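Source file: work10.txt. Holds: compact mmCIF, C-alpha atoms.
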# COMPACT_ATOMS: atom_id res chain seq x y z
CA MET N 1 -0.02 -40.43 -34.84
CA LEU N 2 -2.33 -38.64 -32.42
CA LYS N 3 -0.83 -36.93 -29.41
CA GLU N 4 -1.48 -38.68 -26.15
CA ILE N 5 -2.47 -37.13 -22.83
CA LEU N 6 -2.14 -38.96 -19.51
CA ILE N 7 -4.87 -37.89 -17.08
CA VAL N 8 -4.01 -38.52 -13.42
CA ASP N 9 -6.68 -37.98 -10.78
CA ASP N 10 -8.27 -40.09 -8.06
CA ASP N 11 -11.72 -38.71 -8.89
CA PRO N 12 -13.23 -41.05 -11.52
CA ASP N 13 -15.88 -38.51 -12.60
CA PHE N 14 -13.23 -35.90 -13.25
CA VAL N 15 -11.09 -38.35 -15.21
CA GLU N 16 -13.99 -39.51 -17.36
CA THR N 17 -15.21 -36.02 -18.25
CA MET N 18 -11.65 -34.97 -19.13
CA GLU N 19 -11.38 -38.02 -21.39
CA ILE N 20 -14.64 -37.09 -23.12
CA ILE N 21 -13.41 -33.53 -23.72
CA LEU N 22 -9.91 -34.46 -24.87
CA GLN N 23 -10.95 -37.39 -27.06
CA GLY N 24 -13.71 -35.19 -28.47
CA ASN N 25 -10.97 -32.79 -29.56
CA GLY N 26 -8.90 -35.46 -31.23
CA TYR N 27 -6.36 -36.34 -28.54
CA GLU N 28 -5.68 -39.84 -27.33
CA THR N 29 -5.91 -40.42 -23.61
CA ARG N 30 -4.71 -42.79 -20.94
CA THR N 31 -5.63 -42.54 -17.28
CA ALA N 32 -4.17 -43.28 -13.84
CA ARG N 33 -5.82 -43.11 -10.41
CA ASN N 34 -2.77 -42.53 -8.25
CA GLY N 35 0.84 -41.40 -8.42
CA GLU N 36 2.37 -44.83 -8.57
CA GLU N 37 0.12 -45.98 -11.40
CA ALA N 38 0.83 -42.73 -13.25
CA PHE N 39 4.61 -43.13 -12.97
CA LYS N 40 4.35 -46.76 -14.12
CA LYS N 41 2.32 -45.72 -17.17
CA VAL N 42 4.72 -42.88 -17.99
CA ARG N 43 7.62 -45.33 -17.97
CA GLU N 44 5.76 -47.88 -20.11
CA LYS N 45 5.07 -45.27 -22.77
CA ILE N 46 5.98 -41.60 -22.66
CA PRO N 47 2.86 -39.43 -23.08
CA ASP N 48 2.99 -36.09 -24.88
CA ILE N 49 1.65 -34.27 -21.81
CA ILE N 50 0.36 -35.09 -18.32
CA LEU N 51 -2.65 -33.60 -16.55
CA LEU N 52 -1.79 -34.17 -12.93
CA ASP N 53 -3.99 -33.66 -9.88
CA ILE N 54 -1.94 -32.20 -7.03
CA MET N 55 -3.88 -33.73 -4.14
CA MET N 56 -4.88 -37.33 -4.42
CA LYS N 57 -5.95 -39.33 -1.42
CA THR N 58 -3.43 -41.97 -2.22
CA LYS N 59 0.03 -42.68 -0.88
CA THR N 60 1.57 -41.07 -3.95
CA ASP N 61 0.14 -37.74 -5.06
CA GLY N 62 0.80 -35.24 -7.84
CA ILE N 63 3.83 -33.73 -6.12
CA TRP N 64 5.43 -37.17 -5.87
CA VAL N 65 4.84 -37.90 -9.58
CA SER N 66 6.16 -34.55 -10.78
CA GLU N 67 9.30 -34.87 -8.68
CA LYS N 68 9.85 -38.47 -9.87
CA ILE N 69 9.48 -37.40 -13.49
CA ARG N 70 11.68 -34.34 -13.20
CA SER N 71 14.48 -36.33 -11.63
CA ASP N 72 14.50 -38.91 -14.44
CA ASP N 73 16.66 -37.93 -17.42
CA LYS N 74 14.50 -39.80 -19.92
CA LEU N 75 11.24 -38.33 -18.65
CA LYS N 76 12.07 -34.89 -17.33
CA LYS N 77 11.01 -33.00 -20.45
CA ILE N 78 7.39 -34.23 -20.46
CA PRO N 79 5.14 -31.18 -20.05
CA ILE N 80 2.98 -31.33 -16.92
CA ILE N 81 -0.15 -29.33 -16.17
CA MET N 82 -0.81 -29.46 -12.44
CA ILE N 83 -4.47 -29.43 -11.50
CA THR N 84 -5.50 -28.02 -8.14
CA ALA N 85 -8.90 -28.13 -6.51
CA VAL N 86 -8.31 -25.23 -4.16
CA ASN N 87 -6.79 -21.95 -5.25
CA GLN N 88 -3.09 -21.70 -5.83
CA ASP N 89 -2.50 -19.76 -2.69
CA SER N 90 1.05 -20.72 -1.90
CA GLU N 91 0.42 -20.77 1.86
CA MET N 92 -2.08 -23.54 1.30
CA ALA N 93 0.06 -25.35 -1.22
CA LYS N 94 2.97 -25.39 1.22
CA PHE N 95 1.15 -27.98 3.26
CA HIS N 96 1.66 -30.32 0.38
CA LEU N 97 5.00 -29.14 -0.82
CA GLY N 98 6.72 -29.13 2.53
CA GLN N 99 7.44 -25.92 4.39
CA GLU N 100 10.61 -25.01 2.48
CA LYS N 101 9.18 -25.36 -0.98
CA ASP N 102 6.94 -22.92 -2.69
CA MET N 103 4.35 -23.31 -5.39
CA GLU N 104 6.46 -21.17 -7.72
CA TYR N 105 9.29 -23.68 -7.65
CA MET N 106 7.09 -26.61 -8.57
CA PRO N 107 8.60 -28.52 -11.45
CA VAL N 108 5.50 -28.22 -13.62
CA ASN N 109 4.71 -26.21 -16.75
CA ALA N 110 1.32 -24.80 -15.79
CA PHE N 111 -1.26 -24.74 -13.04
CA MET N 112 -4.99 -24.93 -13.58
CA GLU N 113 -7.64 -24.65 -10.94
CA LYS N 114 -10.77 -26.80 -10.82
CA PRO N 115 -13.41 -26.41 -12.18
CA ILE N 116 -11.64 -26.38 -15.52
CA GLU N 117 -13.21 -24.81 -18.59
CA ALA N 118 -12.66 -27.05 -21.60
CA LYS N 119 -11.59 -24.13 -23.80
CA ASP N 120 -8.98 -22.97 -21.26
CA LEU N 121 -7.58 -26.46 -20.93
CA LEU N 122 -7.40 -26.98 -24.70
CA LYS N 123 -5.68 -23.62 -25.08
CA GLU N 124 -3.09 -24.51 -22.45
CA ILE N 125 -2.45 -27.93 -24.03
CA LYS N 126 -2.12 -26.37 -27.48
CA LYS N 127 0.37 -23.87 -26.10
CA LEU N 128 2.51 -26.65 -24.63
CA ILE N 129 2.30 -29.42 -27.26
CA GLY N 130 0.21 -28.06 -30.17
CA GLY N 131 -2.89 -29.66 -31.66
CA PRO N 132 -3.78 -33.37 -31.57
CA LYS N 133 -1.88 -34.35 -34.73
CA MET P 1 18.83 3.61 62.97
CA LYS P 2 19.58 7.00 64.36
CA PRO P 3 22.98 8.31 63.14
CA LYS P 4 25.60 8.46 65.80
CA LYS P 5 26.63 12.00 66.98
CA CYS P 6 30.35 12.79 66.60
CA ASN P 7 32.59 15.49 67.89
CA ILE P 8 34.15 17.50 65.10
CA ASN P 9 37.65 16.64 66.45
CA ASP P 10 36.99 12.93 66.59
CA PRO P 11 37.99 11.39 63.23
CA GLU P 12 37.57 7.82 64.56
CA CYS P 13 33.91 8.55 65.27
CA HIS P 14 33.44 9.89 61.75
CA LEU P 15 35.13 6.83 60.30
CA ASP P 16 32.75 4.62 62.34
CA ARG P 17 29.77 6.56 60.92
CA ILE P 18 31.11 6.07 57.42
CA ARG P 19 31.60 2.33 58.14
CA ASP P 20 28.00 2.12 59.38
CA TRP P 21 26.70 3.85 56.26
CA HIS P 22 28.79 1.58 54.17
CA GLY P 23 27.39 -1.46 55.98
CA ASP P 24 23.82 -0.21 55.46
CA LEU P 25 24.52 0.50 51.83
CA GLU P 26 25.97 -2.98 51.33
CA ALA P 27 22.90 -4.57 52.95
CA ASN P 28 20.61 -2.49 50.75
CA ILE P 29 22.51 -3.42 47.62
CA THR P 30 22.36 -7.12 48.56
CA THR P 31 18.59 -6.85 49.03
CA LEU P 32 18.34 -5.00 45.71
CA ILE P 33 20.33 -7.73 43.96
CA GLU P 34 18.10 -10.42 45.54
CA ASN P 35 15.03 -8.51 44.35
CA LEU P 36 16.46 -8.16 40.86
CA LYS P 37 17.21 -11.90 40.80
CA ASP P 38 13.60 -12.55 41.80
CA ILE P 39 12.32 -10.25 39.07
CA LYS P 40 14.56 -11.97 36.52
CA LYS P 41 13.32 -15.39 37.60
CA HIS P 42 9.68 -14.31 37.35
CA SER P 43 10.23 -12.66 33.99
CA GLU P 44 11.91 -15.82 32.69
CA GLU P 45 8.97 -17.88 33.94
CA ALA P 46 6.57 -15.47 32.26
CA LYS P 47 8.62 -15.62 29.07
CA GLY P 48 8.51 -19.42 29.16
CA ALA P 49 4.74 -19.42 29.68
CA CYS P 50 4.36 -16.88 26.90
CA SER P 51 6.40 -18.85 24.39
CA LYS P 52 4.51 -22.03 25.31
CA HIS P 53 1.25 -20.18 24.78
CA TYR P 54 2.58 -18.74 21.53
CA ALA P 55 3.65 -22.19 20.27
CA LYS P 56 0.20 -23.55 21.13
CA THR P 57 -1.46 -20.66 19.31
CA VAL P 58 0.73 -21.20 16.24
CA GLU P 59 -0.11 -24.91 16.32
CA LEU P 60 -3.84 -24.22 16.59
CA THR P 61 -3.72 -21.66 13.79
CA LYS P 62 -1.89 -24.15 11.58
CA ALA P 63 -4.45 -26.85 12.37
CA LYS P 64 -7.24 -24.42 11.58
CA THR P 65 -5.68 -23.41 8.26
CA ARG P 66 -5.14 -27.03 7.37
CA PHE P 67 -8.75 -27.81 8.28
CA THR P 68 -9.97 -24.97 6.04
CA TYR P 69 -7.75 -26.24 3.23
CA GLU P 70 -9.01 -29.79 3.54
CA VAL P 71 -12.64 -28.73 3.78
CA SER P 72 -12.23 -26.51 0.69
CA HIS P 73 -10.75 -29.47 -1.15
CA GLU P 74 -13.49 -31.84 -0.06
CA LEU P 75 -16.14 -29.39 -1.18
CA LYS P 76 -14.53 -28.14 -4.34
CA ALA P 77 -13.36 -31.42 -5.90
CA PRO P 78 -16.88 -32.90 -6.20
CA LEU P 79 -18.27 -29.54 -7.33
CA ALA P 80 -15.66 -29.45 -10.08
CA SER P 81 -16.69 -32.92 -11.25
CA VAL P 82 -20.37 -31.97 -11.29
CA TYR P 83 -19.45 -28.81 -13.22
CA ASN P 84 -17.49 -30.90 -15.74
CA ILE P 85 -20.39 -33.29 -16.18
CA ILE P 86 -22.81 -30.43 -16.88
CA ASN P 87 -20.30 -28.87 -19.28
CA VAL P 88 -19.60 -31.95 -21.37
CA ILE P 89 -23.34 -32.40 -21.83
CA LEU P 90 -24.05 -28.70 -22.53
CA ASP P 91 -21.10 -28.43 -24.90
CA GLY P 92 -22.56 -31.24 -26.96
CA TYR P 93 -19.80 -33.83 -26.46
CA LEU P 94 -22.41 -36.50 -25.73
CA ASP P 95 -25.21 -35.44 -28.09
CA LYS P 96 -25.25 -38.86 -29.69
CA ASP P 97 -25.01 -40.84 -26.48
CA PHE P 98 -28.11 -40.38 -24.33
CA LYS P 99 -27.27 -43.39 -22.22
CA LYS P 100 -23.93 -41.87 -21.23
CA GLN P 101 -25.60 -38.49 -20.55
CA LYS P 102 -28.00 -40.15 -18.16
CA GLU P 103 -25.25 -42.12 -16.48
CA LEU P 104 -23.17 -38.99 -15.89
CA LEU P 105 -26.16 -37.00 -14.63
CA ASN P 106 -26.90 -39.77 -12.15
CA ARG P 107 -23.31 -39.59 -10.99
CA ALA P 108 -23.63 -35.81 -10.62
CA LYS P 109 -26.69 -36.41 -8.46
CA VAL P 110 -24.76 -38.79 -6.21
CA ARG P 111 -21.96 -36.23 -5.84
CA ILE P 112 -24.46 -33.50 -4.88
CA ASN P 113 -26.05 -35.82 -2.31
CA ASP P 114 -22.60 -36.55 -0.89
CA LEU P 115 -21.85 -32.84 -0.69
CA THR P 116 -25.09 -32.20 1.19
CA LYS P 117 -24.22 -34.98 3.60
CA LEU P 118 -20.76 -33.52 4.10
CA LEU P 119 -22.09 -30.01 4.70
CA ASN P 120 -24.58 -31.29 7.27
CA ASP P 121 -21.78 -33.16 8.99
CA LEU P 122 -19.57 -30.09 9.02
CA LEU P 123 -22.33 -28.08 10.66
CA MET P 124 -22.91 -30.78 13.25
CA PHE P 125 -19.17 -31.10 13.82
CA SER P 126 -18.72 -27.40 14.46
CA ARG P 127 -21.74 -27.30 16.77
CA LEU P 128 -20.35 -30.19 18.82
CA GLU P 129 -16.84 -28.75 18.75
CA GLU P 130 -17.94 -25.35 20.03
CA GLY P 131 -20.43 -26.82 22.44
CA THR P 132 -23.03 -24.41 21.12
CA GLY P 133 -26.56 -25.34 20.26
CA LYS P 134 -28.72 -27.40 22.55
CA ILE P 135 -28.64 -31.13 22.24
CA GLU P 136 -31.81 -32.73 23.48
CA ILE P 137 -31.06 -35.51 25.87
CA GLU P 138 -33.51 -38.27 26.64
CA LYS P 139 -33.53 -41.73 28.17
CA ILE P 140 -32.71 -44.28 25.51
CA ASN P 141 -33.71 -47.91 25.62
CA THR P 142 -30.75 -49.42 23.77
CA ARG P 143 -32.44 -52.83 23.53
CA GLU P 144 -35.25 -51.23 21.51
CA LEU P 145 -33.07 -48.79 19.53
CA LEU P 146 -30.43 -51.15 18.15
CA PRO P 147 -32.17 -54.11 16.44
CA PRO P 148 -34.13 -51.99 13.89
CA LEU P 149 -30.90 -50.14 12.98
CA ILE P 150 -29.16 -53.42 12.27
CA GLU P 151 -32.13 -54.75 10.31
CA GLU P 152 -31.96 -51.65 8.10
CA MET P 153 -28.33 -52.41 7.30
CA ASP P 154 -28.98 -56.08 6.65
CA SER P 155 -29.75 -55.57 2.94
CA PHE P 156 -26.46 -53.69 2.48
CA ALA P 157 -24.68 -56.60 4.16
CA LYS P 158 -26.51 -59.20 2.06
CA GLU P 159 -25.61 -57.35 -1.16
CA ASN P 160 -21.99 -57.82 -0.17
CA ASN P 161 -22.52 -61.41 0.97
CA ILE P 162 -21.78 -60.54 4.60
CA LYS P 163 -23.67 -61.94 7.55
CA ILE P 164 -24.54 -59.87 10.62
CA LYS P 165 -25.03 -61.66 13.92
CA TRP P 166 -26.26 -59.66 16.87
CA ASP P 167 -26.92 -60.33 20.50
CA PHE P 168 -28.59 -57.90 22.89
CA PRO P 169 -29.73 -59.29 26.26
CA ASN P 170 -33.16 -58.16 27.49
CA ASN P 171 -31.63 -56.39 30.47
CA LEU P 172 -29.37 -54.19 28.29
CA PRO P 173 -28.75 -50.93 30.20
CA HIS P 174 -30.56 -47.74 29.21
CA ILE P 175 -28.49 -44.62 28.61
CA TYR P 176 -28.98 -40.86 28.44
CA GLY P 177 -28.38 -39.32 25.05
CA ASN P 178 -29.61 -37.77 21.87
CA THR P 179 -31.31 -40.48 19.80
CA GLU P 180 -30.48 -38.96 16.42
CA LEU P 181 -26.79 -38.47 17.23
CA LEU P 182 -26.41 -41.89 18.80
CA ASN P 183 -28.18 -43.52 15.84
CA ARG P 184 -25.57 -41.88 13.72
CA VAL P 185 -22.78 -43.37 15.84
CA PHE P 186 -24.17 -46.90 15.88
CA VAL P 187 -24.99 -46.89 12.15
CA ASN P 188 -21.55 -45.53 11.25
CA ILE P 189 -19.65 -48.13 13.27
CA ILE P 190 -21.74 -51.09 12.04
CA HIS P 191 -21.77 -49.79 8.47
CA ASN P 192 -17.96 -49.48 8.53
CA ALA P 193 -17.68 -53.07 9.78
CA ILE P 194 -19.76 -54.27 6.81
CA LYS P 195 -18.04 -51.99 4.31
CA TYR P 196 -14.54 -53.11 5.26
CA SER P 197 -15.44 -56.83 5.42
CA ASN P 198 -14.61 -59.29 2.70
CA GLN P 199 -17.26 -61.38 0.96
CA GLY P 200 -18.48 -64.23 3.13
CA ASN P 201 -17.29 -62.59 6.40
CA LEU P 202 -19.27 -62.33 9.59
CA VAL P 203 -19.95 -59.09 11.51
CA LYS P 204 -20.80 -59.58 15.19
CA VAL P 205 -22.63 -56.89 17.15
CA MET P 206 -22.89 -57.51 20.89
CA GLY P 207 -24.37 -55.31 23.59
CA LYS P 208 -23.95 -55.72 27.33
CA GLY P 209 -23.97 -53.94 30.65
CA LYS P 210 -20.83 -53.94 32.78
CA ASN P 211 -19.70 -51.81 35.74
CA HIS P 212 -22.42 -49.17 35.30
CA LEU P 213 -21.59 -48.94 31.60
CA PHE P 214 -23.44 -49.85 28.43
CA LEU P 215 -20.96 -51.54 26.07
CA LEU P 216 -21.42 -52.14 22.37
CA GLU P 217 -18.86 -54.30 20.60
CA VAL P 218 -18.77 -54.45 16.80
CA LYS P 219 -16.38 -57.06 15.46
CA ASP P 220 -15.52 -57.76 11.84
CA GLU P 221 -13.18 -60.12 10.01
CA GLY P 222 -12.34 -57.59 7.32
CA ILE P 223 -9.34 -55.77 5.93
CA GLY P 224 -8.29 -54.19 9.24
CA ILE P 225 -6.31 -51.00 9.84
CA LYS P 226 -2.53 -50.61 9.75
CA LYS P 227 -1.01 -50.18 13.22
CA GLU P 228 0.60 -46.85 12.31
CA GLU P 229 -2.71 -45.56 10.99
CA LEU P 230 -4.71 -46.34 14.14
CA PRO P 231 -3.90 -43.04 15.92
CA LYS P 232 -5.07 -41.10 12.85
CA ILE P 233 -8.48 -42.68 12.36
CA TYR P 234 -10.34 -39.90 14.17
CA ASN P 235 -8.70 -37.16 12.09
CA ILE P 236 -11.08 -35.34 9.86
CA PHE P 237 -11.08 -36.74 6.27
CA PHE P 238 -8.60 -39.47 7.16
CA ARG P 239 -8.85 -42.61 5.07
CA GLY P 240 -6.62 -45.63 5.60
CA GLU P 241 -4.33 -46.86 2.81
CA ASN P 242 -5.84 -50.31 3.05
CA ALA P 243 -9.32 -48.89 2.52
CA ARG P 244 -8.68 -47.76 -1.03
CA PRO P 245 -9.78 -47.55 -3.71
CA GLU P 246 -13.08 -49.40 -3.90
CA HIS P 247 -14.38 -47.97 -0.60
CA LYS P 248 -13.71 -44.45 -1.72
CA LYS P 249 -16.45 -44.17 -4.25
CA GLU P 250 -18.99 -43.74 -1.54
CA GLY P 251 -19.47 -40.25 -0.12
CA MET P 252 -18.47 -40.55 3.47
CA GLY P 253 -19.12 -37.34 5.32
CA LEU P 254 -16.89 -36.91 8.29
CA GLY P 255 -17.07 -40.53 9.47
CA LEU P 256 -15.18 -41.39 12.60
CA SER P 257 -14.10 -37.84 13.44
CA LEU P 258 -17.75 -36.91 13.89
CA VAL P 259 -18.55 -40.19 15.66
CA LYS P 260 -15.77 -39.47 18.16
CA ARG P 261 -17.11 -35.95 18.85
CA ILE P 262 -20.61 -37.32 19.44
CA ILE P 263 -19.33 -40.01 21.80
CA ASP P 264 -17.26 -37.41 23.71
CA THR P 265 -20.33 -35.18 24.03
CA HIS P 266 -22.17 -38.13 25.60
CA GLY P 267 -19.38 -38.82 28.10
CA GLY P 268 -18.66 -42.13 26.39
CA SER P 269 -15.56 -43.66 24.88
CA ILE P 270 -14.49 -45.56 21.78
CA LYS P 271 -11.73 -48.19 21.56
CA VAL P 272 -10.50 -49.66 18.30
CA LYS P 273 -8.39 -52.81 18.07
CA SER P 274 -7.32 -53.97 14.67
CA ASN P 275 -5.14 -56.52 12.92
CA LEU P 276 -4.33 -55.92 9.29
CA ASN P 277 -6.23 -58.36 7.05
CA LYS P 278 -7.71 -60.09 10.11
CA GLY P 279 -10.33 -57.64 11.27
CA THR P 280 -11.28 -54.80 13.55
CA THR P 281 -13.12 -54.67 16.87
CA VAL P 282 -14.70 -51.40 17.94
CA THR P 283 -15.95 -51.10 21.52
CA LEU P 284 -18.18 -48.21 22.49
CA SER P 285 -19.02 -47.47 26.08
CA PHE P 286 -21.52 -45.06 27.58
CA PRO P 287 -22.52 -44.37 31.19
CA ALA P 288 -25.56 -46.54 31.94
CA ILE P 289 -28.62 -45.29 33.77
CA GLN P 290 -28.68 -46.98 37.14
CA LYS P 291 -31.69 -49.23 37.70
CA LYS P 292 -33.26 -47.05 40.39
CA GLU P 293 -33.07 -44.03 38.05
CA LYS P 294 -35.11 -45.74 35.32

Could you write out this file's structure as structure tokens?
Amino acid sequence: MLKEILIVDDDPDFVETMEIILQGNGYETRTARNGEEAFKKVREKIPDIILLDIMMKTKTDGIWVSEKIRSDDKLKKIPIIMITAVNQDSEMAKFHLGQEKDMEYMPVNAFMEKPIEAKDLLKEIKKLIGGPK
Amino acid sequence: MKPKKCNINDPECHLDRIRDWHGDLEANITTLIENLKDIKKHSEEAKGACSKHYAKTVELTKAKTRFTYEVSHELKAPLASVYNIINVILDGYLDKDFKKQKELLNRAKVRINDLTKLLNDLLMFSRLEEGTGKIEIEKINTRELLPPLIEEMDSFAKENNIKIKWDFPNNLPHIYGNTELLNRVFVNIIHNAIKYSNQGNLVKVMGKGKNHLFLLEVKDEGIGIKKEELPKIYNIFFRGENARPEHKKEGMGLGLSLVKRIIDTHGGSIKVKSNLNKGTTVTLSFPAIQKKEK
């Protein structure tokens, strides 16, 4: 069975191009446009890995999803790659993580900054879950 | 006070002198203490003012950092999507699907147009915010300016099966202002009313003069704004929960935050009343040119 990647971003162009790249490299994909939808889809069927946008203009963003997943015993081991549009400067990230938290303590496995090079993304995915099969 | 002269054999006199000195000293110390109390009070006041000023500065710096963060995000997210689109085509993922290539390139074009719009808005916003740059002010005949603007938006309304009804009396007051900026305000408010209406709804645009003011009321029967979101609508990049997701696809520039700055620059005001799922009424008011001035 092919490994499945859940792509979560509120930018439809970003989601579609990621799907083209990942499907083109043999992975299966599912998509979600906001945190709530993502969490629902994760619970319906556990994906092998999640690509999660940190800042979505929806009520529930990437931080919300990652915290929800990490506090659920059945889901907490799913690898998450957090996607950021701005650099990972922790000062900036603190606005989203709350003043006490820091980017370093985010419950995710990797950070990648947009724009994402396909080869870098595939390398990161391979490192975390291996190839598509 | 001249010190009292004492005979060397008169201890009482000496004691009196000492008592006098003591009295003087006590008075001086009391004055000194009063002065010190005064200094303390002033320094506490200064400290208070300083910490207030400091808190304000911290708040402003935070707001500025947040603004930079949000602007970076708004600029970088679409750029990243355009970059991805170019990459998937260059990397040959879509070599067999020309239709898809064309579709994605068209979407890239829309994103670049949106970015240009956003950058222009940011420049205008900062010019208005700083009060730099000259804004040309002229007399504006609102009765002549408004109908063509509405007619231009009529096709957008018809596409969405929304009807626009407008009423501008012939004696509509003239105002002072910058035509381009005010066009922007009127178009934005009316466009929003159409965009957030449901199919089959009516948008009413009414102009009138009242108490030396020109008033423009734009009323829709659309999705409305949540009560708790109303105070935030002028914040840069704010988008109401109820407005998502279908309204998001359109590049929006700075929307109401820019509109508010333009209105402020013109000495006008904007009032927004809204009921969730029932509709929104926006009332703009600008100082009217008095008849004798025309």

Between chain N and chain P, at 6 Å or less, what are the per-residue closest atom pairs and their distances in Å? Count all atoms listed in the file, order by chain and rising residue number, and return it as a tab-separated table.
residue	atom	partner	partner_atom	distance
N:Asp13	CA	P:Ser81	CA	5.8
N:Phe14	CA	P:Ser81	CA	5.0
N:Ala85	CA	P:Ala77	CA	5.6
N:Val86	CA	P:His73	CA	5.7
N:Lys114	CA	P:Ala80	CA	5.6
N:Pro115	CA	P:Ala80	CA	4.3

The selected residues should be written to file as a tab-separated table (two decimals), keeping the file's coordinate frame (atoms: C-alpha atoms).
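Once written, again.tsv looks like this:
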chain	number	residue	atom	x	y	z
N	13	ASP	CA	-15.88	-38.51	-12.60
N	14	PHE	CA	-13.23	-35.90	-13.25
N	85	ALA	CA	-8.90	-28.13	-6.51
N	86	VAL	CA	-8.31	-25.23	-4.16
N	114	LYS	CA	-10.77	-26.80	-10.82
N	115	PRO	CA	-13.41	-26.41	-12.18

Centre, x/y/z edge lengths, axis-aligned box for range 9-23 of chain N with 4 Å per side, as AutoDock Vina command-line options:
--center_x -11.3 --center_y -37.3 --center_z -17.6 --size_x 17.2 --size_y 15.5 --size_z 27.0

| message | Using all atoms listed in the file, can you tell me which of N:Glu124, N:Asp53, N:Glu28, N:Glu4 comes closest to Val65 in chain N? | response |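 Closest to Val65 in chain N of all the choices is N:Asp53.
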
| query | Taking (-14.2, -30.5, -31.0) in the file's coordinates, which residues come within 10 Å, counting only C-alpha atoms, written as a PyMOL selection string? | reply | (chain N and resi 21-26+119+122) or (chain P and resi 91-93)

| said: One number please: CA of Ile7 in chain N to CA of Asn109 in chain N, in Å, one decimal. | reply: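 CA of Ile7 in chain N sits 15.1 Å away from CA of Asn109 in chain N.
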
| said: Just to confirm, what's the straight-line distance from CA of Glu138 in chain P to CA of Thr179 in chain P in Å (one decimal)? | reply: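 CA of Glu138 in chain P sits 7.5 Å away from CA of Thr179 in chain P.
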
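Computed from the coordinates, the CA of Ser197 in chain P to CA of Arg184 in chain P distance equals 19.9 Å.
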
| said: I'd like the contact shell of Lys133 in chain N - 10 Å cut-off, all atoms listed in the file, skipping same-chain residues fewer than 2 positions apart - returned as a list in words. | reply: Met1, Leu2, Lys3, Glu4, Gly26, Tyr27, Glu28, Ile129, Gly130 and Gly131 of chain N

| request: Find the spatial neighbours of Val42 in chain N, counting only C-alpha atoms, within a cut-off of 9 Å - ignore same-chain residues fewer than 6 positions away - and output them as a list of chain:residue names. | output: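 The contact residues come out as N:Leu6, N:Ile50, N:Ile69, N:Leu75.
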
| message | Counting only C-alpha atoms, I want the residues whose atoms come within 10 Å of (-6.6, -59.7, 13.5) in the file frame, returned as a list in words. | response | Asp220, Glu221, Gly222, Ile223, Gly224, Ile225, Lys273, Ser274, Asn275, Leu276, Asn277, Lys278, Gly279, Thr280 and Thr281 of chain P

Excluding range 255-270 of chain P and residues on its chain fewer than 6 positions from it, collect all residues at most 9 Å away from it, counting all atoms listed in the file, and give them as a tab-separated table (two decimals) with C-alpha atoms, in the coordinates of the input.
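Dumped to out_7.tsv:
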chain	number	residue	atom	x	y	z
P	121	ASP	CA	-21.78	-33.16	8.99
P	122	LEU	CA	-19.57	-30.09	9.02
P	124	MET	CA	-22.91	-30.78	13.25
P	125	PHE	CA	-19.17	-31.10	13.82
P	128	LEU	CA	-20.35	-30.19	18.82
P	129	GLU	CA	-16.84	-28.75	18.75
P	131	GLY	CA	-20.43	-26.82	22.44
P	176	TYR	CA	-28.98	-40.86	28.44
P	177	GLY	CA	-28.38	-39.32	25.05
P	178	ASN	CA	-29.61	-37.77	21.87
P	181	LEU	CA	-26.79	-38.47	17.23
P	182	LEU	CA	-26.41	-41.89	18.80
P	184	ARG	CA	-25.57	-41.88	13.72
P	185	VAL	CA	-22.78	-43.37	15.84
P	186	PHE	CA	-24.17	-46.90	15.88
P	188	ASN	CA	-21.55	-45.53	11.25
P	189	ILE	CA	-19.65	-48.13	13.27
P	233	ILE	CA	-8.48	-42.68	12.36
P	234	TYR	CA	-10.34	-39.90	14.17
P	235	ASN	CA	-8.70	-37.16	12.09
P	236	ILE	CA	-11.08	-35.34	9.86
P	237	PHE	CA	-11.08	-36.74	6.27
P	238	PHE	CA	-8.60	-39.47	7.16
P	282	VAL	CA	-14.70	-51.40	17.94
P	283	THR	CA	-15.95	-51.10	21.52
P	284	LEU	CA	-18.18	-48.21	22.49
P	285	SER	CA	-19.02	-47.47	26.08
P	286	PHE	CA	-21.52	-45.06	27.58
P	287	PRO	CA	-22.52	-44.37	31.19

Find the residues near Lys204 in chain P: any atom within 9 Å, counting all atoms listed in the file, skip ones fewer than 6 places away on the same chain, and give them as a compact mmCIF listing (two decimals) with C-alpha atoms, in the frame of the given file.
# COMPACT_ATOMS: atom_id res chain seq x y z
CA LYS P 163 -23.67 -61.94 7.55
CA ILE P 164 -24.54 -59.87 10.62
CA LYS P 165 -25.03 -61.66 13.92
CA TRP P 166 -26.26 -59.66 16.87
CA ASP P 167 -26.92 -60.33 20.50
CA GLU P 217 -18.86 -54.30 20.60
CA VAL P 218 -18.77 -54.45 16.80
CA LYS P 219 -16.38 -57.06 15.46
CA ASP P 220 -15.52 -57.76 11.84

| request: Find the residues near Ile162 in chain P: any atom within 10 Å, counting only C-alpha atoms, skip ones fewer than 3 places away on the same chain, and give them as a list in words. | output: Asp154, Ser155, Phe156, Ala157, Lys158, Glu159, Lys165, Ala193, Ile194, Lys195, Ser197, Asn198, Gln199, Gly200, Asn201, Leu202, Val203 and Asp220 of chain P

| said: Measuring between all atoms listed in the file, which one of N:Lys40, N:Asp9, N:Arg70, N:Pro79 shows the shortest distance to Leu52 in chain N? | reply: N:Asp9
